[in-house]
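This is input18.json. It holds JSON, C-alpha atoms.
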[["chain", "number", "residue", "atom", "x", "y", "z"],
["A", 260, "MET", "CA", 11.70, -7.18, 6.98],
["A", 261, "ALA", "CA", 8.90, -6.24, 9.37],
["A", 262, "THR", "CA", 8.93, -3.89, 12.36],
["A", 263, "ILE", "CA", 5.84, -5.46, 13.93],
["A", 264, "LYS", "CA", 6.52, -9.14, 14.53],
["A", 265, "GLY", "CA", 4.14, -10.08, 17.34],
["A", 266, "VAL", "CA", 5.08, -11.96, 20.50],
["A", 267, "SER", "CA", 5.91, -15.65, 20.79],
["A", 268, "SER", "CA", 3.49, -16.29, 23.61],
["A", 269, "PHE", "CA", 0.65, -14.18, 24.91],
["A", 270, "SER", "CA", -2.66, -14.53, 26.67],
["A", 271, "ALA", "CA", -5.48, -13.14, 24.56],
["A", 272, "GLU", "CA", -7.59, -12.92, 27.70],
["A", 273, "GLN", "CA", -5.01, -10.89, 29.61],
["A", 274, "GLU", "CA", -4.59, -8.49, 26.70],
["A", 275, "ALA", "CA", -8.37, -8.17, 26.32],
["A", 276, "GLN", "CA", -8.74, -7.35, 30.03],
["A", 277, "ALA", "CA", -5.87, -4.85, 29.84],
["A", 278, "LEU", "CA", -7.53, -3.10, 26.88],
["A", 279, "ARG", "CA", -10.84, -2.95, 28.75],
["A", 280, "LYS", "CA", -9.06, -1.48, 31.76],
["A", 281, "ALA", "CA", -7.41, 1.15, 29.53],
["A", 282, "MET", "CA", -10.83, 2.32, 28.38],
["A", 283, "LYS", "CA", -13.03, 1.84, 31.43],
["A", 284, "GLY", "CA", -14.06, 4.65, 33.72],
["A", 285, "PHE", "CA", -12.95, 8.24, 33.40],
["A", 286, "GLY", "CA", -10.36, 9.00, 30.70],
["A", 287, "THR", "CA", -8.53, 6.65, 28.38],
["A", 288, "ASP", "CA", -5.03, 5.24, 28.80],
["A", 289, "GLU", "CA", -3.85, 5.73, 25.21],
["A", 290, "ASP", "CA", -0.30, 4.67, 26.01],
["A", 291, "ALA", "CA", -1.54, 1.29, 27.25],
["A", 292, "ILE", "CA", -3.57, 0.80, 24.06],
["A", 293, "ILE", "CA", -0.52, 1.66, 21.93],
["A", 294, "ASP", "CA", 1.72, -0.68, 23.95],
["A", 295, "ILE", "CA", -0.64, -3.63, 23.74],
["A", 296, "LEU", "CA", -1.55, -3.32, 20.08],
["A", 297, "THR", "CA", 1.94, -2.62, 18.73],
["A", 298, "LYS", "CA", 3.50, -5.60, 20.49],
["A", 299, "LEU", "CA", 0.96, -7.95, 18.83],
["A", 300, "ASN", "CA", 0.78, -8.72, 15.14],
["A", 301, "VAL", "CA", -2.41, -8.52, 13.10],
["A", 302, "SER", "CA", -3.45, -12.15, 13.60],
["A", 303, "GLN", "CA", -2.81, -11.92, 17.35],
["A", 304, "ARG", "CA", -4.96, -8.78, 17.45],
["A", 305, "GLN", "CA", -7.76, -10.79, 15.83],
["A", 306, "GLN", "CA", -7.53, -13.33, 18.66],
["A", 307, "VAL", "CA", -7.79, -10.53, 21.20],
["A", 308, "LEU", "CA", -10.80, -9.13, 19.32],
["A", 309, "ILE", "CA", -12.68, -12.43, 19.62],
["A", 310, "THR", "CA", -11.60, -13.03, 23.23],
["A", 311, "TYR", "CA", -12.65, -9.49, 24.18],
["A", 312, "LYS", "CA", -16.15, -10.23, 22.96],
["A", 313, "SER", "CA", -16.39, -13.69, 24.55],
["A", 314, "THR", "CA", -14.98, -12.73, 27.96],
["A", 315, "ILE", "CA", -16.27, -9.15, 28.30],
["A", 316, "GLY", "CA", -19.35, -9.26, 26.10],
["A", 317, "ARG", "CA", -18.51, -6.02, 24.32],
["A", 318, "ASP", "CA", -17.22, -5.20, 20.87],
["A", 319, "LEU", "CA", -13.60, -4.04, 20.98],
["A", 320, "ILE", "CA", -13.82, -2.01, 17.76],
["A", 321, "ASP", "CA", -16.91, -0.16, 19.02],
["A", 322, "ASP", "CA", -15.18, 0.54, 22.35],
["A", 323, "LEU", "CA", -12.04, 1.83, 20.62],
["A", 324, "LYS", "CA", -14.11, 4.02, 18.30],
["A", 325, "SER", "CA", -16.02, 5.56, 21.19],
["A", 326, "GLU", "CA", -12.86, 6.26, 23.19],
["A", 327, "LEU", "CA", -10.47, 7.43, 20.45],
["A", 328, "SER", "CA", -10.73, 10.03, 17.72],
["A", 329, "GLY", "CA", -9.11, 11.54, 14.66],
["A", 330, "ASN", "CA", -6.06, 10.11, 12.94],
["A", 331, "PHE", "CA", -5.01, 8.20, 16.05],
["A", 332, "GLU", "CA", -8.31, 6.32, 15.96],
["A", 333, "ARG", "CA", -7.84, 5.61, 12.25],
["A", 334, "VAL", "CA", -4.41, 4.06, 12.85],
["A", 335, "ILE", "CA", -5.65, 1.88, 15.72],
["A", 336, "ILE", "CA", -8.75, 0.69, 13.82],
["A", 337, "GLY", "CA", -6.52, 0.02, 10.78],
["A", 338, "MET", "CA", -4.23, -2.11, 12.95],
["A", 339, "MET", "CA", -7.25, -4.04, 14.23],
["A", 340, "THR", "CA", -8.40, -4.85, 10.69],
["A", 341, "PRO", "CA", -7.26, -8.08, 8.98],
["A", 342, "THR", "CA", -4.73, -7.34, 6.22],
["A", 343, "THR", "CA", -6.88, -8.13, 3.18],
["A", 344, "MET", "CA", -9.92, -6.45, 4.66],
["A", 345, "TYR", "CA", -7.90, -3.31, 5.29],
["A", 346, "ASP", "CA", -7.05, -3.10, 1.57],
["A", 347, "VAL", "CA", -10.69, -3.76, 0.69],
["A", 348, "LEU", "CA", -11.92, -0.95, 2.95],
["A", 349, "GLU", "CA", -9.29, 1.44, 1.58],
["A", 350, "LEU", "CA", -10.21, 0.65, -2.02],
["A", 351, "LYS", "CA", -13.88, 1.25, -1.22],
["A", 352, "ARG", "CA", -13.08, 4.50, 0.58],
["A", 353, "ALA", "CA", -11.09, 5.62, -2.45],
["A", 354, "MET", "CA", -14.16, 5.24, -4.67],
["A", 355, "LYS", "CA", -16.95, 6.28, -2.31],
["A", 356, "GLY", "CA", -18.66, 9.64, -2.53],
["A", 357, "ALA", "CA", -17.97, 12.49, -4.91],
["A", 358, "GLY", "CA", -14.24, 12.38, -5.60],
["A", 359, "THR", "CA", -11.93, 9.46, -6.23],
["A", 360, "ASP", "CA", -8.65, 8.89, -4.39],
["A", 361, "GLU", "CA", -6.76, 7.71, -7.47],
["A", 362, "GLY", "CA", -3.47, 7.55, -5.57],
["A", 363, "CYS", "CA", -4.89, 4.93, -3.23],
["A", 364, "LEU", "CA", -6.26, 2.77, -6.06],
["A", 365, "ILE", "CA", -2.92, 2.93, -7.87],
["A", 366, "GLU", "CA", -0.84, 2.20, -4.78],
["A", 367, "ILE", "CA", -2.77, -0.89, -3.73],
["A", 368, "LEU", "CA", -3.32, -2.38, -7.18],
["A", 369, "ALA", "CA", 0.23, -1.77, -8.40],
["A", 370, "SER", "CA", 1.98, -3.09, -5.30],
["A", 371, "ARG", "CA", 0.07, -6.19, -4.20],
["A", 372, "THR", "CA", 0.95, -9.72, -5.32],
["A", 373, "ASN", "CA", -1.40, -11.89, -7.39],
["A", 374, "GLU", "CA", -2.36, -13.84, -4.29],
["A", 375, "GLU", "CA", -3.08, -10.63, -2.37],
["A", 376, "ILE", "CA", -5.17, -9.31, -5.28],
["A", 377, "ARG", "CA", -7.09, -12.58, -5.44],
["A", 378, "ARG", "CA", -7.97, -12.34, -1.75],
["A", 379, "ILE", "CA", -8.89, -8.67, -2.13],
["A", 380, "ASN", "CA", -11.32, -9.51, -4.97],
["A", 381, "GLU", "CA", -12.90, -12.32, -3.00],
["A", 382, "ASN", "CA", -13.39, -10.25, 0.16],
["A", 383, "TYR", "CA", -14.52, -7.17, -1.75],
["A", 384, "ARG", "CA", -17.38, -9.07, -3.34],
["A", 385, "LEU", "CA", -18.38, -10.63, -0.01],
["A", 386, "GLN", "CA", -18.32, -7.26, 1.70],
["A", 387, "TYR", "CA", -20.10, -5.13, -0.90],
["A", 388, "GLY", "CA", -21.99, -7.51, -3.17],
["A", 389, "SER", "CA", -20.36, -5.98, -6.22],
["A", 390, "SER", "CA", -17.02, -6.79, -7.75],
["A", 391, "LEU", "CA", -13.99, -4.55, -7.39],
["A", 392, "GLU", "CA", -13.80, -4.41, -11.18],
["A", 393, "GLU", "CA", -17.39, -3.16, -11.49],
["A", 394, "ASP", "CA", -16.69, -0.37, -9.02],
["A", 395, "ILE", "CA", -13.42, 0.59, -10.76],
["A", 396, "VAL", "CA", -15.24, 0.70, -14.10],
["A", 397, "SER", "CA", -18.01, 2.94, -12.77],
["A", 398, "ASP", "CA", -15.59, 5.23, -10.95],
["A", 399, "THR", "CA", -12.76, 5.78, -13.44],
["A", 400, "SER", "CA", -12.45, 6.30, -17.17],
["A", 401, "SER", "CA", -10.46, 5.80, -20.36],
["A", 402, "MET", "CA", -6.98, 4.28, -20.36],
["A", 403, "PHE", "CA", -6.49, 4.76, -16.63],
["A", 404, "ARG", "CA", -9.54, 2.58, -16.05],
["A", 405, "ARG", "CA", -8.12, -0.11, -18.31],
["A", 406, "VAL", "CA", -4.81, -0.20, -16.43],
["A", 407, "LEU", "CA", -6.61, -0.57, -13.08],
["A", 408, "VAL", "CA", -8.89, -3.28, -14.48],
["A", 409, "SER", "CA", -5.84, -5.13, -15.76],
["A", 410, "LEU", "CA", -4.02, -4.86, -12.40],
["A", 411, "ALA", "CA", -7.17, -5.91, -10.53],
["A", 412, "THR", "CA", -7.20, -9.26, -12.36],
["A", 413, "GLY", "CA", -4.04, -10.23, -10.46],
["A", 414, "ASN", "CA", -2.92, -12.09, -13.54],
["A", 415, "ARG", "CA", 0.69, -10.95, -13.91],
["A", 416, "ASP", "CA", 3.17, -13.69, -14.79],
["A", 417, "GLU", "CA", 5.00, -14.33, -11.50],
["A", 418, "GLY", "CA", 7.67, -16.61, -12.94],
["A", 419, "MET", "CA", 11.37, -15.83, -13.13],
["A", 420, "TYR", "CA", 11.94, -16.71, -16.77],
["A", 421, "VAL", "CA", 13.41, -14.06, -19.02],
["A", 422, "ASN", "CA", 12.96, -14.58, -22.72],
["A", 423, "ASP", "CA", 15.70, -12.36, -24.12],
["A", 424, "ALA", "CA", 14.29, -12.22, -27.63],
["A", 425, "LEU", "CA", 10.91, -11.22, -26.24],
["A", 426, "ALA", "CA", 12.55, -8.68, -23.94],
["A", 427, "HIS", "CA", 14.13, -7.00, -26.97],
["A", 428, "GLN", "CA", 10.83, -7.18, -28.81],
["A", 429, "ASP", "CA", 8.97, -5.65, -25.85],
["A", 430, "ALA", "CA", 11.52, -2.85, -25.49],
["A", 431, "GLN", "CA", 11.30, -2.07, -29.21],
["A", 432, "CYS", "CA", 7.53, -2.23, -28.97],
["A", 433, "LEU", "CA", 7.48, 0.29, -26.10],
["A", 434, "TYR", "CA", 9.85, 2.54, -28.01],
["A", 435, "GLU", "CA", 7.68, 2.45, -31.12],
["A", 436, "ALA", "CA", 4.52, 2.93, -29.06],
["A", 437, "GLY", "CA", 5.87, 6.06, -27.40],
["A", 438, "GLU", "CA", 9.05, 7.94, -28.20],
["A", 439, "LYS", "CA", 9.16, 7.03, -31.85],
["A", 440, "LYS", "CA", 5.68, 7.99, -32.97],
["A", 441, "TRP", "CA", 3.50, 11.03, -32.90],
["A", 442, "GLY", "CA", 0.98, 10.29, -30.16],
["A", 443, "THR", "CA", 1.27, 7.30, -27.88],
["A", 444, "ASP", "CA", -0.06, 3.77, -28.20],
["A", 445, "GLU", "CA", -0.98, 3.44, -24.54],
["A", 446, "VAL", "CA", -2.38, -0.08, -24.90],
["A", 447, "GLN", "CA", 1.11, -1.40, -25.71],
["A", 448, "PHE", "CA", 2.47, 0.12, -22.51],
["A", 449, "MET", "CA", -0.36, -1.36, -20.49],
["A", 450, "SER", "CA", -0.19, -4.86, -21.91],
["A", 451, "ILE", "CA", 3.57, -5.17, -21.44],
["A", 452, "LEU", "CA", 3.88, -3.39, -18.07],
["A", 453, "CYS", "CA", 0.86, -5.08, -16.50],
["A", 454, "THR", "CA", 1.37, -8.70, -17.58],
["A", 455, "ARG", "CA", 5.08, -9.55, -17.86],
["A", 456, "ASN", "CA", 7.02, -10.96, -14.91],
["A", 457, "ARG", "CA", 9.35, -8.82, -12.86],
["A", 458, "CYS", "CA", 12.68, -10.31, -14.03],
["A", 459, "HIS", "CA", 11.57, -9.99, -17.62],
["A", 460, "LEU", "CA", 10.53, -6.36, -17.18],
["A", 461, "LEU", "CA", 13.82, -5.42, -15.53],
["A", 462, "ARG", "CA", 15.54, -6.79, -18.63],
["A", 463, "VAL", "CA", 13.10, -4.90, -20.87],
["A", 464, "PHE", "CA", 13.93, -1.66, -19.03],
["A", 465, "ASP", "CA", 17.67, -2.25, -19.56],
["A", 466, "VAL", "CA", 17.22, -2.91, -23.27],
["A", 467, "TYR", "CA", 14.87, 0.06, -23.54],
["A", 468, "ARG", "CA", 17.49, 2.42, -22.16],
["A", 469, "GLY", "CA", 19.86, 1.26, -24.89],
["A", 470, "ILE", "CA", 17.31, 1.81, -27.65],
["A", 471, "ALA", "CA", 15.70, 5.05, -26.49],
["A", 472, "ASN", "CA", 18.70, 6.60, -24.75],
["A", 473, "LYS", "CA", 16.52, 7.40, -21.76],
["A", 474, "ASP", "CA", 14.91, 5.60, -18.88],
["A", 475, "ILE", "CA", 11.44, 4.09, -19.29],
["A", 476, "THR", "CA", 10.18, 6.36, -16.47],
["A", 477, "ASP", "CA", 11.32, 9.45, -18.41],
["A", 478, "SER", "CA", 9.41, 8.24, -21.44],
["A", 479, "ILE", "CA", 6.26, 7.58, -19.43],
["A", 480, "GLN", "CA", 6.53, 11.07, -17.95],
["A", 481, "SER", "CA", 6.97, 12.76, -21.30],
["A", 482, "GLU", "CA", 4.44, 10.64, -23.21],
["A", 483, "MET", "CA", 1.62, 10.52, -20.68],
["A", 484, "SER", "CA", -0.06, 12.63, -18.06],
["A", 485, "GLY", "CA", -2.36, 12.54, -15.07],
["A", 486, "ASP", "CA", -3.60, 9.34, -13.48],
["A", 487, "LEU", "CA", -2.43, 7.10, -16.32],
["A", 488, "GLU", "CA", 1.11, 8.43, -15.95],
["A", 489, "ASP", "CA", 0.96, 7.93, -12.18],
["A", 490, "ALA", "CA", -0.34, 4.37, -12.54],
["A", 491, "LEU", "CA", 2.29, 3.21, -15.03],
["A", 492, "LEU", "CA", 5.09, 4.90, -13.07],
["A", 493, "ALA", "CA", 3.89, 3.10, -9.94],
["A", 494, "VAL", "CA", 4.00, -0.23, -11.80],
["A", 495, "VAL", "CA", 7.57, 0.40, -12.98],
["A", 496, "LYS", "CA", 8.70, 1.55, -9.52],
["A", 497, "CYS", "CA", 7.12, -1.46, -7.80],
["A", 498, "MET", "CA", 8.82, -3.80, -10.24],
["A", 499, "ARG", "CA", 12.20, -2.20, -9.64],
["A", 500, "ASN", "CA", 12.14, -1.65, -5.91],
["A", 501, "LYS", "CA", 8.90, -1.90, -3.95],
["A", 502, "PRO", "CA", 10.28, -0.56, -0.63],
["A", 503, "ALA", "CA", 11.65, 2.48, -2.49],
["A", 504, "TYR", "CA", 8.21, 3.02, -4.02],
["A", 505, "PHE", "CA", 6.65, 3.08, -0.54],
["A", 506, "ALA", "CA", 9.44, 5.30, 0.80],
["A", 507, "GLU", "CA", 8.55, 7.83, -1.89],
["A", 508, "ARG", "CA", 4.83, 7.54, -1.07],
["A", 509, "LEU", "CA", 5.62, 8.29, 2.58],
["A", 510, "TYR", "CA", 7.95, 11.16, 1.74],
["A", 511, "LYS", "CA", 5.37, 12.80, -0.52],
["A", 512, "SER", "CA", 2.65, 12.34, 2.10],
["A", 513, "MET", "CA", 4.64, 14.44, 4.57],
["A", 514, "LYS", "CA", 6.78, 16.90, 2.66],
["A", 515, "GLY", "CA", 5.57, 20.43, 2.07],
["A", 516, "LEU", "CA", 2.50, 22.00, 3.62],
["A", 517, "GLY", "CA", -0.06, 19.73, 5.20],
["A", 518, "THR", "CA", 0.03, 15.97, 5.52],
["A", 519, "ASP", "CA", -1.72, 13.40, 3.36],
["A", 520, "ASP", "CA", -2.84, 11.38, 6.36],
["A", 521, "ASN", "CA", -4.72, 8.79, 4.27],
["A", 522, "THR", "CA", -1.52, 7.71, 2.54],
["A", 523, "LEU", "CA", 0.67, 8.01, 5.63],
["A", 524, "ILE", "CA", -1.67, 5.86, 7.72],
["A", 525, "ARG", "CA", -2.26, 3.27, 5.00],
["A", 526, "VAL", "CA", 1.41, 2.70, 4.22],
["A", 527, "MET", "CA", 2.49, 2.61, 7.86],
["A", 528, "VAL", "CA", -0.27, 0.19, 8.85],
["A", 529, "SER", "CA", -0.14, -2.05, 5.78],
["A", 530, "ARG", "CA", 3.64, -2.39, 5.49],
["A", 531, "SER", "CA", 4.62, -2.66, 9.17],
["A", 532, "GLU", "CA", 4.45, -6.47, 9.05],
["A", 533, "ILE", "CA", 5.93, -6.82, 5.57],
["A", 534, "ASP", "CA", 8.83, -4.55, 4.64],
["A", 535, "MET", "CA", 8.95, -1.50, 6.92],
["A", 536, "LEU", "CA", 12.66, -2.00, 7.70],
["A", 537, "ASP", "CA", 13.44, -2.04, 3.98],
["A", 538, "ILE", "CA", 11.28, 1.05, 3.46],
["A", 539, "ARG", "CA", 13.20, 2.83, 6.25],
["A", 540, "ARG", "CA", 16.51, 1.93, 4.64],
["A", 541, "GLU", "CA", 15.39, 3.22, 1.23],
["A", 542, "PHE", "CA", 13.96, 6.38, 2.80],
["A", 543, "LEU", "CA", 17.28, 7.21, 4.42],
["A", 544, "THR", "CA", 19.17, 6.54, 1.18],
["A", 545, "MET", "CA", 16.78, 8.57, -0.96],
["A", 546, "TYR", "CA", 16.19, 11.57, 1.30],
["A", 547, "GLY", "CA", 19.16, 11.66, 3.66],
["A", 548, "LYS", "CA", 16.83, 11.76, 6.65],
["A", 549, "SER", "CA", 15.27, 8.95, 8.62],
["A", 550, "LEU", "CA", 11.59, 8.11, 8.26],
["A", 551, "TYR", "CA", 11.42, 8.32, 12.06],
["A", 552, "SER", "CA", 12.60, 11.93, 12.09],
["A", 553, "PHE", "CA", 10.16, 12.83, 9.30],
["A", 554, "ILE", "CA", 7.17, 11.40, 11.18],
["A", 555, "LYS", "CA", 8.37, 13.03, 14.39],
["A", 556, "GLY", "CA", 8.50, 16.42, 12.73],
["A", 557, "ASP", "CA", 5.22, 16.03, 10.88],
["A", 558, "CYS", "CA", 2.80, 14.50, 13.39],
["A", 559, "SER", "CA", 1.96, 15.01, 17.04],
["A", 560, "GLY", "CA", 0.37, 13.44, 20.10],
["A", 561, "ASP", "CA", -0.81, 9.85, 20.22],
["A", 562, "TYR", "CA", -0.97, 9.78, 16.42],
["A", 563, "ARG", "CA", 2.78, 10.43, 16.30],
["A", 564, "LYS", "CA", 3.43, 7.92, 19.09],
["A", 565, "VAL", "CA", 1.70, 5.03, 17.36],
["A", 566, "LEU", "CA", 3.21, 5.80, 13.94],
["A", 567, "LEU", "CA", 6.69, 5.86, 15.47],
["A", 568, "ARG", "CA", 6.00, 2.43, 16.96],
["A", 569, "LEU", "CA", 4.97, 1.12, 13.54],
["A", 570, "CYS", "CA", 8.12, 2.71, 12.12],
["A", 571, "GLY", "CA", 10.05, 0.81, 14.76],
["A", 572, "GLY", "CA", 13.04, 3.03, 15.39],
["A", 573, "GLU", "CA", 15.43, 5.77, 14.42],
["A", 574, "ASP", "CA", 18.00, 5.07, 11.69]]
Structure translated into structure tokens:
Amino acid sequence: MATIKGVSSFSAEQEAQALRKAMKGFGTDEDAIIDILTKLNVSQRQQVLITYKSTIGRDLIDDLKSELSGNFERVIIGMMTPTTMYDVLELKRAMKGAGTDEGCLIEILASRTNEEIRRINENYRLQYGSSLEEDIVSDTSSMFRRVLVSLATGNRDEGMYVNDALAHQDAQCLYEAGEKKWGTDEVQFMSILCTRNRCHLLRVFDVYRGIANKDITDSIQSEMSGDLEDALLAVVKCMRNKPAYFAERLYKSMKGLGTDDNTLIRVMVSRSEIDMLDIRREFLTMYGKSLYSFIKGDCSGDYRKVLLRLCGGED
């Protein structure tokens, strides 16, 4: 369930004029910008973007960038970006420059559907002239690279069929590839966790617990480390309960000292029209505090205001 649903009828021209008014002259009316953009959904914002240019003869994104700054600007520009393109830009940002934001690569590739991945690949190539896979390969290494390459194919079985014999075989296979042997056969983990359908994997995890006497996540944590561990854990968590996975991402972005604004912004912007209500529910269950109260305590100013709107309310 989404928190940002858009409005049933609106005038793109009126909204465009209102945005211009909020930015024209001395000072900026940030509240007006927040009000207008959070009541519209992402496709309605695209209509306003085009209408702004045709009726005013200026570029809305450029105007917003010149008037706003910092994390608040990043949220607003994120909201103005079409869904697939937003993922594309985030993936590129994660690989640009000296370091790599592995968390971002994992989060997007482990949580998006085949169809979403297909659109990401298509748009990535159009935008950058290289394939997402090529950039992943040049930016990451070893088994972690192979997991990301596998996820980036968007080739997971999305059926509902559970082959019980195969589920037992897969569970045994995972057990023998990890807990049972000295060293870990990581390829087995990858090929099962990255290709089987969700219903089948949930069955595999049940059977696995019976064989290994521990949860698959415990085995991944004890058998692996670093980025590979993070990637496979993300896959398992997304299979089990995607909103809970995002709730944990949000919690970790805010708890402790400092805020991981990249993650906070990306999850709030990208999930607001998909499953933010479910994420809020899981957050409350998992941490005993509402997402709203967490954001309120962690952020300030217009940045806080717009994130609270994306969050949609107090639980």
One decimal, in Å: what's the spacing between CA of Ala506 (chain A) and CA of Arg530 (chain A)?
10.7 Å
Give me, as a VMD selection string, all polymer residues having an atom no more than 12 Å from Asp318 (chain A), counting only C-alpha atoms and skipping those fewer than 3 positions away in the same chain.
chain A and resid 275 278 to 279 307 to 315 321 to 325
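You can rank A:Ser409, A:Arg317, A:Asp537, A:Leu566 by their closest distance to Lys283 (chain A) using only C-alpha atoms, and at the top of that list sits A:Arg317.
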CA of Ile538 (chain A) sits from CA of Lys514 (chain A) at a separation of 16.5 Å
Computed interatomic separation between CA of Asp489 (chain A) and CA of Leu461 (chain A) (Å)
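About the pair CA of Asp489 (chain A) and CA of Leu461 (chain A): they are 18.8 Å apart.
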I'd like the contact shell of Ile336 (chain A) - 12 Å cut-off, only C-alpha atoms, skipping same-chain residues fewer than 6 positions apart - returned as a PyMOL selection string.
chain A and resi 292-293+296+301+304-305+308+319-330+342+344-345+348+524-525+528+565
Out of A:Gln276, A:Asn456, A:Asn500, A:Ser268, which residue has the shortest atom-to-atom distance to Asn300 (chain A) when counting only C-alpha atoms?
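When distances to Asn300 (chain A) are compared using only C-alpha atoms, the smallest one comes from A:Ser268.
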Non-local contacts of Ile533 (chain A) (12 Å; only C-alpha atoms; under 4 positions in same chain excluded) as a PyMOL selection string:
chain A and resi 260-264+300-301+342+371+501-502+505+526-529+537-538+569-570
Could those residues be written to a file, using C-alpha atoms, as an mmCIF file, keeping the file's coordinate frame?
data_model
loop_
_atom_site.group_PDB
_atom_site.id
_atom_site.type_symbol
_atom_site.label_atom_id
_atom_site.label_comp_id
_atom_site.auth_asym_id
_atom_site.auth_seq_id
_atom_site.Cartn_x
_atom_site.Cartn_y
_atom_site.Cartn_z
ATOM 1 C CA MET A 260 11.700 -7.180 6.980
ATOM 2 C CA ALA A 261 8.900 -6.240 9.370
ATOM 3 C CA THR A 262 8.930 -3.890 12.360
ATOM 4 C CA ILE A 263 5.840 -5.460 13.930
ATOM 5 C CA LYS A 264 6.520 -9.140 14.530
ATOM 6 C CA ASN A 300 0.780 -8.720 15.140
ATOM 7 C CA VAL A 301 -2.410 -8.520 13.100
ATOM 8 C CA THR A 342 -4.730 -7.340 6.220
ATOM 9 C CA ARG A 371 0.070 -6.190 -4.200
ATOM 10 C CA LYS A 501 8.900 -1.900 -3.950
ATOM 11 C CA PRO A 502 10.280 -0.560 -0.630
ATOM 12 C CA PHE A 505 6.650 3.080 -0.540
ATOM 13 C CA VAL A 526 1.410 2.700 4.220
ATOM 14 C CA MET A 527 2.490 2.610 7.860
ATOM 15 C CA VAL A 528 -0.270 0.190 8.850
ATOM 16 C CA SER A 529 -0.140 -2.050 5.780
ATOM 17 C CA ASP A 537 13.440 -2.040 3.980
ATOM 18 C CA ILE A 538 11.280 1.050 3.460
ATOM 19 C CA LEU A 569 4.970 1.120 13.540
ATOM 20 C CA CYS A 570 8.120 2.710 12.120
#
Smallest atom-to-atom distance to Gly515 (chain A): which of A:Asp557, A:Asp444, A:Tyr551, A:Gln386, using all atoms listed in the file?
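Selected residue with least distance to Gly515 (chain A): A:Asp557.
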Nearest to Met419 (chain A), restricted to only C-alpha atoms and choosing among A:Arg333, A:Lys355, A:His459, A:Lys564, comes out as A:His459
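You can rank A:Thr443, A:Asn521, A:Asn380, A:Ser512 by their closest distance to Thr412 (chain A) using all atoms listed in the file, and at the top of that list sits A:Asn380.
Nearest to Thr522 (chain A) of all the residues A:Gly388, A:Gly571, A:Gly362, A:Gly437 is A:Gly362, counting all atoms listed in the file.
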Could you give me, as a ChimeraX atom specification, the residues within 10 Å of Ile365 (chain A), counting all atoms listed in the file and dropping anything in the same chain fewer than 2 positions from it?
/A:350,360-363,367-370,403,406-407,410,486-487,489-494
